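Enquirer: So here's upload25.cif (mmCIF, C-alpha atoms and all ligand atoms).
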data_protein
#
loop_
_atom_site.label_atom_id
_atom_site.label_comp_id
_atom_site.auth_asym_id
_atom_site.auth_seq_id
_atom_site.Cartn_x
_atom_site.Cartn_y
_atom_site.Cartn_z
CA MET A 1 7.09 17.13 -0.43
CA HIS A 2 6.02 19.33 2.45
CA ASN A 3 5.52 17.87 5.93
CA ILE A 4 2.97 18.86 8.55
CA GLU A 5 3.45 18.76 12.31
CA LEU A 6 0.91 16.81 14.35
CA ASN A 7 -0.16 18.02 17.80
CA ASN A 8 2.47 15.75 19.43
CA GLY A 9 5.32 17.12 17.27
CA VAL A 10 5.50 14.13 14.88
CA MET A 11 5.83 15.13 11.22
CA ILE A 12 3.53 13.65 8.59
CA PRO A 13 3.99 14.00 4.80
CA GLY A 14 1.51 16.41 3.20
CA ILE A 15 0.26 13.80 0.68
CA GLY A 16 -0.16 10.10 1.36
CA PHE A 17 -0.84 7.08 -0.82
CA GLY A 18 -4.15 5.27 -0.29
CA THR A 19 -3.66 1.53 -0.52
CA TYR A 20 -7.26 0.26 -0.59
CA LYS A 21 -7.45 -2.40 -3.32
CA THR A 22 -3.73 -2.23 -4.05
CA ASP A 23 -1.03 -4.85 -3.82
CA TYR A 24 2.76 -5.20 -3.62
CA THR A 25 3.41 -4.14 -7.22
CA THR A 26 1.37 -0.93 -6.99
CA ILE A 27 2.87 0.00 -3.60
CA LYS A 28 6.37 -0.60 -4.95
CA LEU A 29 5.61 1.71 -7.91
CA ALA A 30 4.30 4.37 -5.54
CA ILE A 31 7.54 4.20 -3.51
CA ASP A 32 9.51 4.63 -6.73
CA CYS A 33 7.36 7.68 -7.57
CA GLY A 34 8.30 9.30 -4.26
CA TYR A 35 5.42 8.42 -1.90
CA ARG A 36 6.57 7.80 1.65
CA TYR A 37 3.26 7.88 3.54
CA PHE A 38 1.12 4.75 3.11
CA ASP A 39 -2.41 4.41 4.41
CA THR A 40 -3.45 0.80 4.99
CA ALA A 41 -5.87 -1.02 7.31
CA SER A 42 -6.45 -4.53 8.60
CA LYS A 43 -9.65 -4.43 6.52
CA TYR A 44 -7.69 -3.91 3.27
CA GLU A 45 -5.92 -7.26 3.72
CA ASN A 46 -2.74 -5.83 2.21
CA GLU A 47 -0.62 -4.95 5.24
CA GLU A 48 1.85 -7.70 4.26
CA HIS A 49 2.15 -6.13 0.81
CA VAL A 50 2.92 -2.73 2.35
CA GLY A 51 5.51 -4.30 4.66
CA TYR A 52 7.27 -6.25 1.92
CA ALA A 53 7.27 -3.32 -0.54
CA ILE A 54 8.87 -1.09 2.09
CA LYS A 55 11.46 -3.71 3.06
CA ASP A 56 12.33 -4.46 -0.56
CA SER A 57 12.73 -0.77 -1.40
CA GLY A 58 15.99 -0.68 0.55
CA ILE A 59 14.97 2.74 1.91
CA PRO A 60 15.33 3.03 5.70
CA ARG A 61 12.08 2.34 7.59
CA GLN A 62 12.27 5.70 9.37
CA GLU A 63 11.87 7.52 6.05
CA PHE A 64 8.34 6.11 5.74
CA PHE A 65 5.14 7.07 7.47
CA VAL A 66 2.95 3.98 7.82
CA ALA A 67 -0.63 4.23 9.05
CA THR A 68 -2.94 1.30 9.70
CA LYS A 69 -6.37 0.94 11.27
CA ALA A 70 -8.41 -1.22 13.65
CA TRP A 71 -11.58 -2.39 11.91
CA ARG A 72 -15.14 -2.30 13.27
CA ASP A 73 -14.84 -5.82 14.70
CA GLU A 74 -11.54 -4.95 16.42
CA LEU A 75 -13.05 -2.40 18.82
CA GLY A 76 -12.70 -2.99 22.59
CA TYR A 77 -9.68 -2.88 24.93
CA HIS A 78 -8.39 -6.44 24.44
CA GLU A 79 -9.57 -6.70 20.84
CA ALA A 80 -7.68 -3.52 19.85
CA LYS A 81 -4.45 -4.67 21.51
CA LYS A 82 -4.69 -8.03 19.76
CA ALA A 83 -5.55 -6.36 16.44
CA PHE A 84 -2.59 -4.00 16.75
CA ASN A 85 -0.14 -6.85 17.34
CA SER A 86 -1.55 -8.75 14.37
CA SER A 87 -1.18 -5.64 12.17
CA LEU A 88 2.44 -5.19 13.28
CA GLU A 89 3.13 -8.82 12.50
CA ARG A 90 1.61 -8.55 9.03
CA LEU A 91 3.52 -5.33 8.37
CA GLN A 92 6.69 -7.00 9.74
CA MET A 93 7.43 -3.84 11.70
CA ASP A 94 8.08 -3.08 15.36
CA TYR A 95 6.14 0.19 15.29
CA VAL A 96 3.68 2.10 13.11
CA ASP A 97 3.65 5.85 12.58
CA LEU A 98 -0.08 6.14 13.07
CA TYR A 99 -2.71 3.75 14.44
CA ILE A 100 -6.33 4.65 13.70
CA ILE A 101 -9.80 3.59 14.87
CA HIS A 102 -11.37 2.97 11.43
CA TRP A 103 -15.04 3.70 12.36
CA PRO A 104 -16.57 4.77 15.68
CA LYS A 105 -19.11 1.93 15.73
CA PRO A 106 -19.20 -1.81 14.97
CA THR A 107 -22.48 -1.14 13.13
CA HIS A 108 -24.36 2.11 12.50
CA ASP A 109 -27.03 1.24 15.08
CA TYR A 110 -24.79 -0.20 17.83
CA GLU A 111 -26.03 1.29 21.09
CA GLY A 112 -23.01 0.79 23.35
CA TRP A 113 -20.57 2.43 20.93
CA ALA A 114 -19.44 5.24 23.27
CA GLU A 115 -18.21 2.84 26.00
CA LEU A 116 -16.60 0.64 23.37
CA VAL A 117 -14.77 3.58 21.81
CA MET A 118 -13.51 4.79 25.22
CA GLU A 119 -12.17 1.33 26.02
CA THR A 120 -10.54 1.11 22.61
CA TRP A 121 -8.94 4.51 23.05
CA GLN A 122 -7.46 3.40 26.37
CA ALA A 123 -5.72 0.55 24.52
CA PHE A 124 -4.54 3.04 21.89
CA GLU A 125 -3.10 5.31 24.60
CA GLU A 126 -1.15 2.38 26.05
CA ILE A 127 0.17 1.43 22.60
CA TYR A 128 1.27 5.05 22.17
CA LYS A 129 2.95 5.17 25.58
CA GLU A 130 4.79 1.95 24.77
CA LYS A 131 6.10 3.80 21.68
CA LYS A 132 4.67 1.19 19.34
CA ALA A 133 2.71 3.91 17.52
CA ARG A 134 4.24 7.36 17.02
CA ALA A 135 0.76 8.85 16.75
CA ILE A 136 -2.80 7.65 17.37
CA GLY A 137 -5.89 8.85 15.59
CA LEU A 138 -9.42 8.30 14.37
CA SER A 139 -11.37 7.91 11.19
CA ASN A 140 -14.97 8.75 10.36
CA PHE A 141 -15.47 10.41 13.75
CA LEU A 142 -17.92 13.32 13.49
CA PRO A 143 -17.94 15.97 16.25
CA HIS A 144 -20.38 14.05 18.49
CA HIS A 145 -18.19 10.92 18.24
CA LEU A 146 -15.03 12.93 18.84
CA ASP A 147 -16.52 14.44 21.99
CA VAL A 148 -16.69 11.01 23.62
CA ILE A 149 -12.93 10.71 23.25
CA LEU A 150 -12.09 14.33 24.05
CA GLU A 151 -14.13 14.24 27.27
CA SER A 152 -12.44 11.12 28.64
CA CYS A 153 -9.00 10.84 27.07
CA GLU A 154 -5.60 11.26 28.60
CA ILE A 155 -3.95 11.64 25.19
CA LYS A 156 -5.76 13.64 22.53
CA PRO A 157 -6.06 12.13 19.06
CA MET A 158 -3.59 13.57 16.59
CA THR A 159 -5.59 12.91 13.42
CA ASN A 160 -9.06 12.17 12.05
CA GLN A 161 -9.52 10.65 8.60
CA LEU A 162 -12.70 11.78 6.86
CA GLU A 163 -14.19 11.63 3.38
CA VAL A 164 -13.27 15.04 1.96
CA HIS A 165 -13.35 16.14 -1.69
CA PRO A 166 -15.06 18.81 -3.78
CA GLY A 167 -18.75 17.97 -3.42
CA TYR A 168 -18.26 16.63 0.12
CA SER A 169 -16.64 19.47 2.02
CA GLN A 170 -17.39 18.36 5.61
CA ASP A 171 -17.11 22.01 6.69
CA TYR A 172 -18.46 21.56 10.21
CA ALA A 173 -16.35 18.49 11.04
CA LEU A 174 -13.23 20.15 9.60
CA ALA A 175 -13.75 23.30 11.70
CA TYR A 176 -14.30 21.15 14.79
CA CYS A 177 -11.07 19.23 14.25
CA LYS A 178 -9.16 22.45 13.62
CA GLU A 179 -10.49 23.95 16.88
CA ASN A 180 -9.20 20.87 18.68
CA ASN A 181 -5.84 20.82 16.89
CA ILE A 182 -6.56 17.50 15.20
CA LEU A 183 -5.20 17.12 11.67
CA VAL A 184 -7.71 15.91 9.08
CA GLN A 185 -6.68 13.44 6.41
CA GLY A 186 -8.98 13.24 3.41
CA TRP A 187 -10.06 9.84 2.16
CA SER A 188 -11.30 9.43 -1.40
CA PRO A 189 -9.84 12.87 -2.25
CA LEU A 190 -10.84 12.28 -5.89
CA GLY A 191 -14.28 11.13 -4.84
CA ARG A 192 -13.12 7.75 -6.20
CA GLU A 193 -13.35 9.35 -9.69
CA ARG A 194 -17.00 10.35 -9.19
CA VAL A 195 -16.23 14.09 -9.16
CA LEU A 196 -13.53 14.24 -11.83
CA ASN A 197 -15.96 15.05 -14.65
CA HIS A 198 -18.06 17.59 -12.76
CA PRO A 199 -18.40 20.76 -14.92
CA LEU A 200 -16.81 23.00 -12.26
CA ILE A 201 -13.81 20.67 -11.85
CA LEU A 202 -13.39 20.48 -15.64
CA GLU A 203 -13.64 24.28 -15.90
CA LEU A 204 -10.95 24.80 -13.24
CA ALA A 205 -8.70 22.08 -14.67
CA SER A 206 -8.79 23.93 -17.97
CA LYS A 207 -8.27 27.35 -16.33
CA TYR A 208 -5.21 26.24 -14.27
CA LYS A 209 -3.94 23.91 -17.04
CA VAL A 210 -3.86 20.88 -14.75
CA THR A 211 -5.87 17.64 -14.46
CA SER A 212 -9.15 17.25 -12.61
CA ALA A 213 -7.34 15.06 -10.08
CA GLN A 214 -4.83 17.84 -9.42
CA ILE A 215 -7.67 20.30 -8.76
CA CYS A 216 -9.12 17.89 -6.18
CA ILE A 217 -5.79 17.28 -4.47
CA ARG A 218 -4.91 20.96 -4.41
CA TYR A 219 -8.36 21.68 -2.96
CA SER A 220 -7.59 19.38 -0.02
CA ILE A 221 -4.16 20.85 0.58
CA GLN A 222 -5.48 24.41 0.53
CA ARG A 223 -8.09 23.41 3.10
CA GLY A 224 -5.36 22.09 5.40
CA VAL A 225 -6.41 18.48 4.75
CA VAL A 226 -3.82 15.78 3.96
CA PRO A 227 -5.12 13.88 0.90
CA ILE A 228 -4.38 10.17 0.44
CA PRO A 229 -5.20 9.44 -3.23
CA LYS A 230 -4.89 5.95 -4.64
CA ALA A 231 -3.72 5.41 -8.22
CA SER A 232 -2.59 2.41 -10.25
CA SER A 233 -0.32 3.87 -12.94
CA VAL A 234 2.98 5.70 -12.59
CA GLU A 235 1.55 8.55 -14.66
CA ARG A 236 -1.35 9.08 -12.24
CA MET A 237 0.81 8.59 -9.17
CA LYS A 238 3.17 11.32 -10.37
CA ASN A 239 0.32 13.56 -11.49
CA ASN A 240 -1.23 13.39 -8.02
CA LEU A 241 2.05 14.49 -6.40
CA ASP A 242 2.68 17.30 -8.87
CA VAL A 243 0.45 19.90 -7.22
CA PHE A 244 2.88 22.50 -5.95
CA THR A 245 3.33 24.65 -9.06
CA PHE A 246 -0.11 26.28 -8.96
CA GLU A 247 -2.56 27.67 -6.45
CA ILE A 248 -6.36 27.79 -6.69
CA ASP A 249 -7.43 31.38 -6.02
CA LYS A 250 -9.84 32.27 -3.24
CA SER A 251 -12.96 32.76 -5.33
CA ASP A 252 -12.45 29.38 -7.03
CA MET A 253 -11.84 27.73 -3.65
CA ASP A 254 -15.09 29.31 -2.42
CA ARG A 255 -16.92 27.82 -5.41
CA LEU A 256 -15.38 24.39 -4.77
CA ILE A 257 -16.18 24.44 -1.06
CA THR A 258 -19.80 25.43 -1.69
CA LEU A 259 -20.36 22.95 -4.52
CA PRO A 260 -23.67 21.15 -3.93
CA GLN A 261 -23.16 17.62 -2.61
CA THR A 262 -21.78 15.36 -5.30
CA GLY A 263 -19.66 12.23 -5.41
CA TRP A 264 -20.45 11.20 -1.83
CA SER A 265 -19.57 7.56 -1.11
CA GLY A 266 -22.90 7.03 0.68
CA GLU A 267 -21.05 6.17 3.91
CA HIS A 268 -21.96 7.78 7.24
CA PRO A 269 -21.05 6.39 10.67
CA ASP A 270 -24.62 6.69 12.03
CA PHE A 271 -26.63 5.43 9.06
CA GLU A 272 -26.88 2.46 6.81
CA ARG A 273 -24.87 2.90 3.62
CA VAL A 274 -26.79 4.80 0.94
CA PRO A 275 -26.27 3.08 -2.43
CA VAL A 276 -24.53 5.38 -4.96
N1 LIG B 1 -10.96 5.70 6.44
C1 LIG B 1 -11.85 5.24 5.61
O1 LIG B 1 -12.96 4.85 6.00
C2 LIG B 1 -11.52 5.18 4.15
C3 LIG B 1 -12.53 4.93 3.21
C4 LIG B 1 -12.17 4.90 1.87
C5 LIG B 1 -10.85 5.11 1.49
N2 LIG B 1 -9.89 5.32 2.42
C6 LIG B 1 -8.47 5.55 2.06
O2 LIG B 1 -8.40 6.60 1.10
C7 LIG B 1 -7.67 6.15 -0.03
C8 LIG B 1 -8.11 6.85 -1.30
O3 LIG B 1 -9.50 6.72 -1.50
P1 LIG B 1 -10.13 5.87 -2.69
O4 LIG B 1 -9.19 4.83 -3.09
O5 LIG B 1 -11.50 5.47 -2.24
O6 LIG B 1 -10.39 6.91 -3.83
P2 LIG B 1 -9.62 8.14 -4.53
O7 LIG B 1 -8.21 8.18 -4.14
O8 LIG B 1 -10.47 9.34 -4.37
O9 LIG B 1 -9.75 7.73 -6.05
C9 LIG B 1 -9.11 6.60 -6.58
C10 LIG B 1 -9.62 6.44 -8.01
O10 LIG B 1 -9.20 7.55 -8.80
C11 LIG B 1 -8.43 7.09 -9.90
N3 LIG B 1 -7.32 8.04 -10.11
C12 LIG B 1 -6.24 8.20 -9.33
N4 LIG B 1 -5.46 9.19 -9.79
C13 LIG B 1 -6.06 9.68 -10.91
C14 LIG B 1 -5.73 10.68 -11.83
N5 LIG B 1 -4.63 11.42 -11.69
N6 LIG B 1 -6.58 10.91 -12.87
C15 LIG B 1 -7.71 10.18 -13.00
N7 LIG B 1 -8.08 9.20 -12.16
C16 LIG B 1 -7.26 8.94 -11.12
C17 LIG B 1 -7.96 5.70 -9.54
O11 LIG B 1 -7.86 4.92 -10.70
P3 LIG B 1 -6.68 3.83 -10.92
O12 LIG B 1 -6.46 3.14 -9.61
O13 LIG B 1 -7.24 2.97 -11.99
O14 LIG B 1 -5.46 4.61 -11.36
C18 LIG B 1 -9.08 5.18 -8.66
O15 LIG B 1 -10.13 4.63 -9.43
C19 LIG B 1 -7.95 4.63 -0.03
O16 LIG B 1 -7.06 3.94 -0.88
C20 LIG B 1 -7.80 4.32 1.43
O17 LIG B 1 -6.44 4.25 1.79
C21 LIG B 1 -10.21 5.36 3.75
#
Spit out the file's structure as structure tokens when you get a sec.
Ligand SMILES: NC(=O)c1ccc[n+]([C@@H]2O[C@H](COP(=O)([O-])OP(=O)(O)OC[C@H]3O[C@@H](n4cnc5c(N)ncnc54)[C@H](OP(=O)(O)O)[C@@H]3O)[C@@H](O)[C@H]2O)c1

Expert:
Amino acid sequence: MHNIELNNGVMIPGIGFGTYKTDYTTIKLAIDCGYRYFDTASKYENEEHVGYAIKDSGIPRQEFFVATKAWRDELGYHEAKKAFNSSLERLQMDYVDLYIIHWPKPTHDYEGWAELVMETWQAFEEIYKEKKARAIGLSNFLPHHLDVILESCEIKPMTNQLEVHPGYSQDYALAYCKENNILVQGWSPLGRERVLNHPLILELASKYKVTSAQICIRYSIQRGVVPIPKASSVERMKNNLDVFTFEIDKSDMDRLITLPQTGWSGEHPDFERVPV
């Protein structure tokens, strides 16, 4: 697996495993399949499962890249510090590789979000300086949310996790992160299955003799985005890692990037969730 260097020099694996709605058994299988980067969150209520699966694997902790997140109700200086310690305890670890602000706002219409985010980031910077997180980052921060941090921070975020998949290209946000040397991780890289049967994805899967999921994962990688697919079976876990024997050519990438919006989760930090 290839690794990518973050803006602070820390290396992150080029594909991660999304753990939303997974438990110990699935995480253990993913370790056996070769995944070393696990994306969890306090909200997923499975940090203990991630911690135990890693311990029980017998593989040294430093070979893993563990990311967790502070949820919407854990924003604020003291709240974030408390949330971080609780996450560490549940993970049974003395550091994480990446600590993330899950969403920029407690609710989509929360007026004081900018002050709250700045305060939260200050706690994140202290956690980073204490070497309890090797990197600190964001999730679901669009350029106008990012600006609040960039204008006031001492330490720049290393990552931003966004919904990215064919049919939800997030071109503007991706370009903005690239300009600021912030690595983008793509959540729901398979559009949570919603894009796998799109005619263009099926056409390209047949052309490159791969699966629809592999087209989606390769699309992320070729855009410089680190995908974090979730899968339940060994076959799918392996399939999602087996994406380095082919390359999507430029014209096909152009078609994927300009695909009309499809498979969107309906989630946006500034608006109420749109039912899908
Ligand atoms: N930061 C955020 O706000 C945020 C939001 C959402 C998600 N995330 C993160 O992103 C991770 C991934 O996103 P996601 O779980 O929403 O969706 P996803 O990874 O896009 O898709 C997962 C779905 O695709 C299926 N699948 C996996 N591999 C497949 C394959 N090779 N062929 C066919 N189907 C396949 C899985 O089925 P089975 O499980 O049945 O195999 C599952 O239903 C999450 O687990 C979480 O860590 C973050």

Enquirer: Which residues come within 9 Å of Val10 (chain A), counting only C-alpha atoms, excluding same-chain residues fewer than 2 positions away, as a compact mmCIF listing (two decimals) with C-alpha atoms, in the coordinates of the input?

Expert:
# COMPACT_ATOMS: atom_id res chain seq x y z
CA ILE A 4 2.97 18.86 8.55
CA GLU A 5 3.45 18.76 12.31
CA LEU A 6 0.91 16.81 14.35
CA ASN A 7 -0.16 18.02 17.80
CA ASN A 8 2.47 15.75 19.43
CA ILE A 12 3.53 13.65 8.59
CA ASP A 97 3.65 5.85 12.58
CA ARG A 134 4.24 7.36 17.02
CA ALA A 135 0.76 8.85 16.75

Enquirer: At a cut-off of 6 Å, can you tabulate as a tab-separated table every residue of chain A near ligand LIG 1 (chain B) together with its closest atom pair and the distance in Å to one decimal, using all atoms listed in the file and ordering rows by chain then number?

Expert:
residue	atom	partner	partner_atom	distance
A:Gly18	CA	B:LIG1	O16	3.3
A:Thr19	CA	B:LIG1	O16	4.2
A:Tyr20	CA	B:LIG1	O16	3.7
A:Asp39	CA	B:LIG1	O17	4.8
A:Thr40	CA	B:LIG1	O17	5.6
A:His102	CA	B:LIG1	N1	5.7
A:Ser139	CA	B:LIG1	N1	5.3
A:Gln161	CA	B:LIG1	N1	5.6
A:Trp187	CA	B:LIG1	O2	3.8
A:Ser188	CA	B:LIG1	O8	3.1
A:Pro189	CA	B:LIG1	O8	4.2
A:Leu190	CA	B:LIG1	O8	3.3
A:Gly191	CA	B:LIG1	O8	4.2
A:Arg192	CA	B:LIG1	O9	3.4
A:Glu193	CA	B:LIG1	O10	4.6
A:Ala213	CA	B:LIG1	N5	4.8
A:Ile228	CA	B:LIG1	C7	5.2
A:Pro229	CA	B:LIG1	O7	3.4
A:Lys230	CA	B:LIG1	O7	4.0
A:Ala231	CA	B:LIG1	O14	3.7
A:Ser232	CA	B:LIG1	O14	3.8
A:Ser233	CA	B:LIG1	O14	5.4
A:Arg236	CA	B:LIG1	N5	4.1
A:Asn239	CA	B:LIG1	N5	5.4
A:Asn240	CA	B:LIG1	N5	5.4

Enquirer: Would you work out the distance separating CA of Thr68 (chain A) from CA of Glu48 (chain A), expressed in Å to one decimal?

Expert: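 That distance, rounded to one decimal, is 11.6 Å.
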
Enquirer: Report as an mmCIF file with C-alpha atoms, keeping the file's coordinate frame all protein, DNA and RNA residues lying within 12 Å of Tyr176 (chain A), evaluated on only C-alpha atoms, omitting residues in the same chain fewer than 3 positions from it.

Expert:
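And here is the file that came out, result32.cif:
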data_model
loop_
_atom_site.group_PDB
_atom_site.id
_atom_site.type_symbol
_atom_site.label_atom_id
_atom_site.label_comp_id
_atom_site.auth_asym_id
_atom_site.auth_seq_id
_atom_site.Cartn_x
_atom_site.Cartn_y
_atom_site.Cartn_z
ATOM 1 C CA PHE A 141 -15.470 10.410 13.750
ATOM 2 C CA LEU A 142 -17.920 13.320 13.490
ATOM 3 C CA PRO A 143 -17.940 15.970 16.250
ATOM 4 C CA HIS A 144 -20.380 14.050 18.490
ATOM 5 C CA HIS A 145 -18.190 10.920 18.240
ATOM 6 C CA LEU A 146 -15.030 12.930 18.840
ATOM 7 C CA ASP A 147 -16.520 14.440 21.990
ATOM 8 C CA LEU A 150 -12.090 14.330 24.050
ATOM 9 C CA ASN A 160 -9.060 12.170 12.050
ATOM 10 C CA GLN A 170 -17.390 18.360 5.610
ATOM 11 C CA ASP A 171 -17.110 22.010 6.690
ATOM 12 C CA TYR A 172 -18.460 21.560 10.210
ATOM 13 C CA ALA A 173 -16.350 18.490 11.040
ATOM 14 C CA GLU A 179 -10.490 23.950 16.880
ATOM 15 C CA ASN A 180 -9.200 20.870 18.680
ATOM 16 C CA ASN A 181 -5.840 20.820 16.890
ATOM 17 C CA ILE A 182 -6.560 17.500 15.200
ATOM 18 C CA LEU A 183 -5.200 17.120 11.670
ATOM 19 C CA VAL A 184 -7.710 15.910 9.080
#

Enquirer: Here is a test: counting only C-alpha atoms, which residue of A:Lys82, A:Lys43, A:Arg72, A:Arg194 is nearest to Trp103 (chain A)?

Expert: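 Once distances to Trp103 (chain A) are computed over only C-alpha atoms, the minimum belongs to A:Arg72.
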
Enquirer: Using all atoms listed in the file, find the one residue out of A:Val66, A:Ala41, A:Val210, A:Cys153 that sits nearest to Ser86 (chain A).

Expert: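 Closest to Ser86 (chain A), using all atoms listed in the file: A:Ala41.
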
Enquirer: Pick out the residues sitting within 12 Å of Glu267 (chain A), and hand them over as a list of chain:residue names; count all atoms listed in the file, and ignore anything fewer than 3 positions along from it in its own chain.

Expert: A:Trp103, A:Thr107, A:His108, A:Asn140, A:Leu162, A:Glu163, A:Val164, A:Tyr168, A:Trp187, A:Ser188, A:Gly263, A:Trp264, A:Asp270, A:Phe271, A:Glu272, A:Arg273, A:Val274, A:Pro275, A:Val276

Enquirer: Looking at A:Pro269, A:Gly224, A:Pro260, A:Pro166, which one is nearest to Asn3 (chain A), with distances taken over all atoms listed in the file?

Expert: A:Gly224

Enquirer: Between A:Met158, A:Cys216, A:Met253, A:Met237, which one has atoms that come closest to Thr26 (chain A), using only C-alpha atoms?

Expert: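 Smallest distance to Thr26 (chain A) is found for A:Met237.
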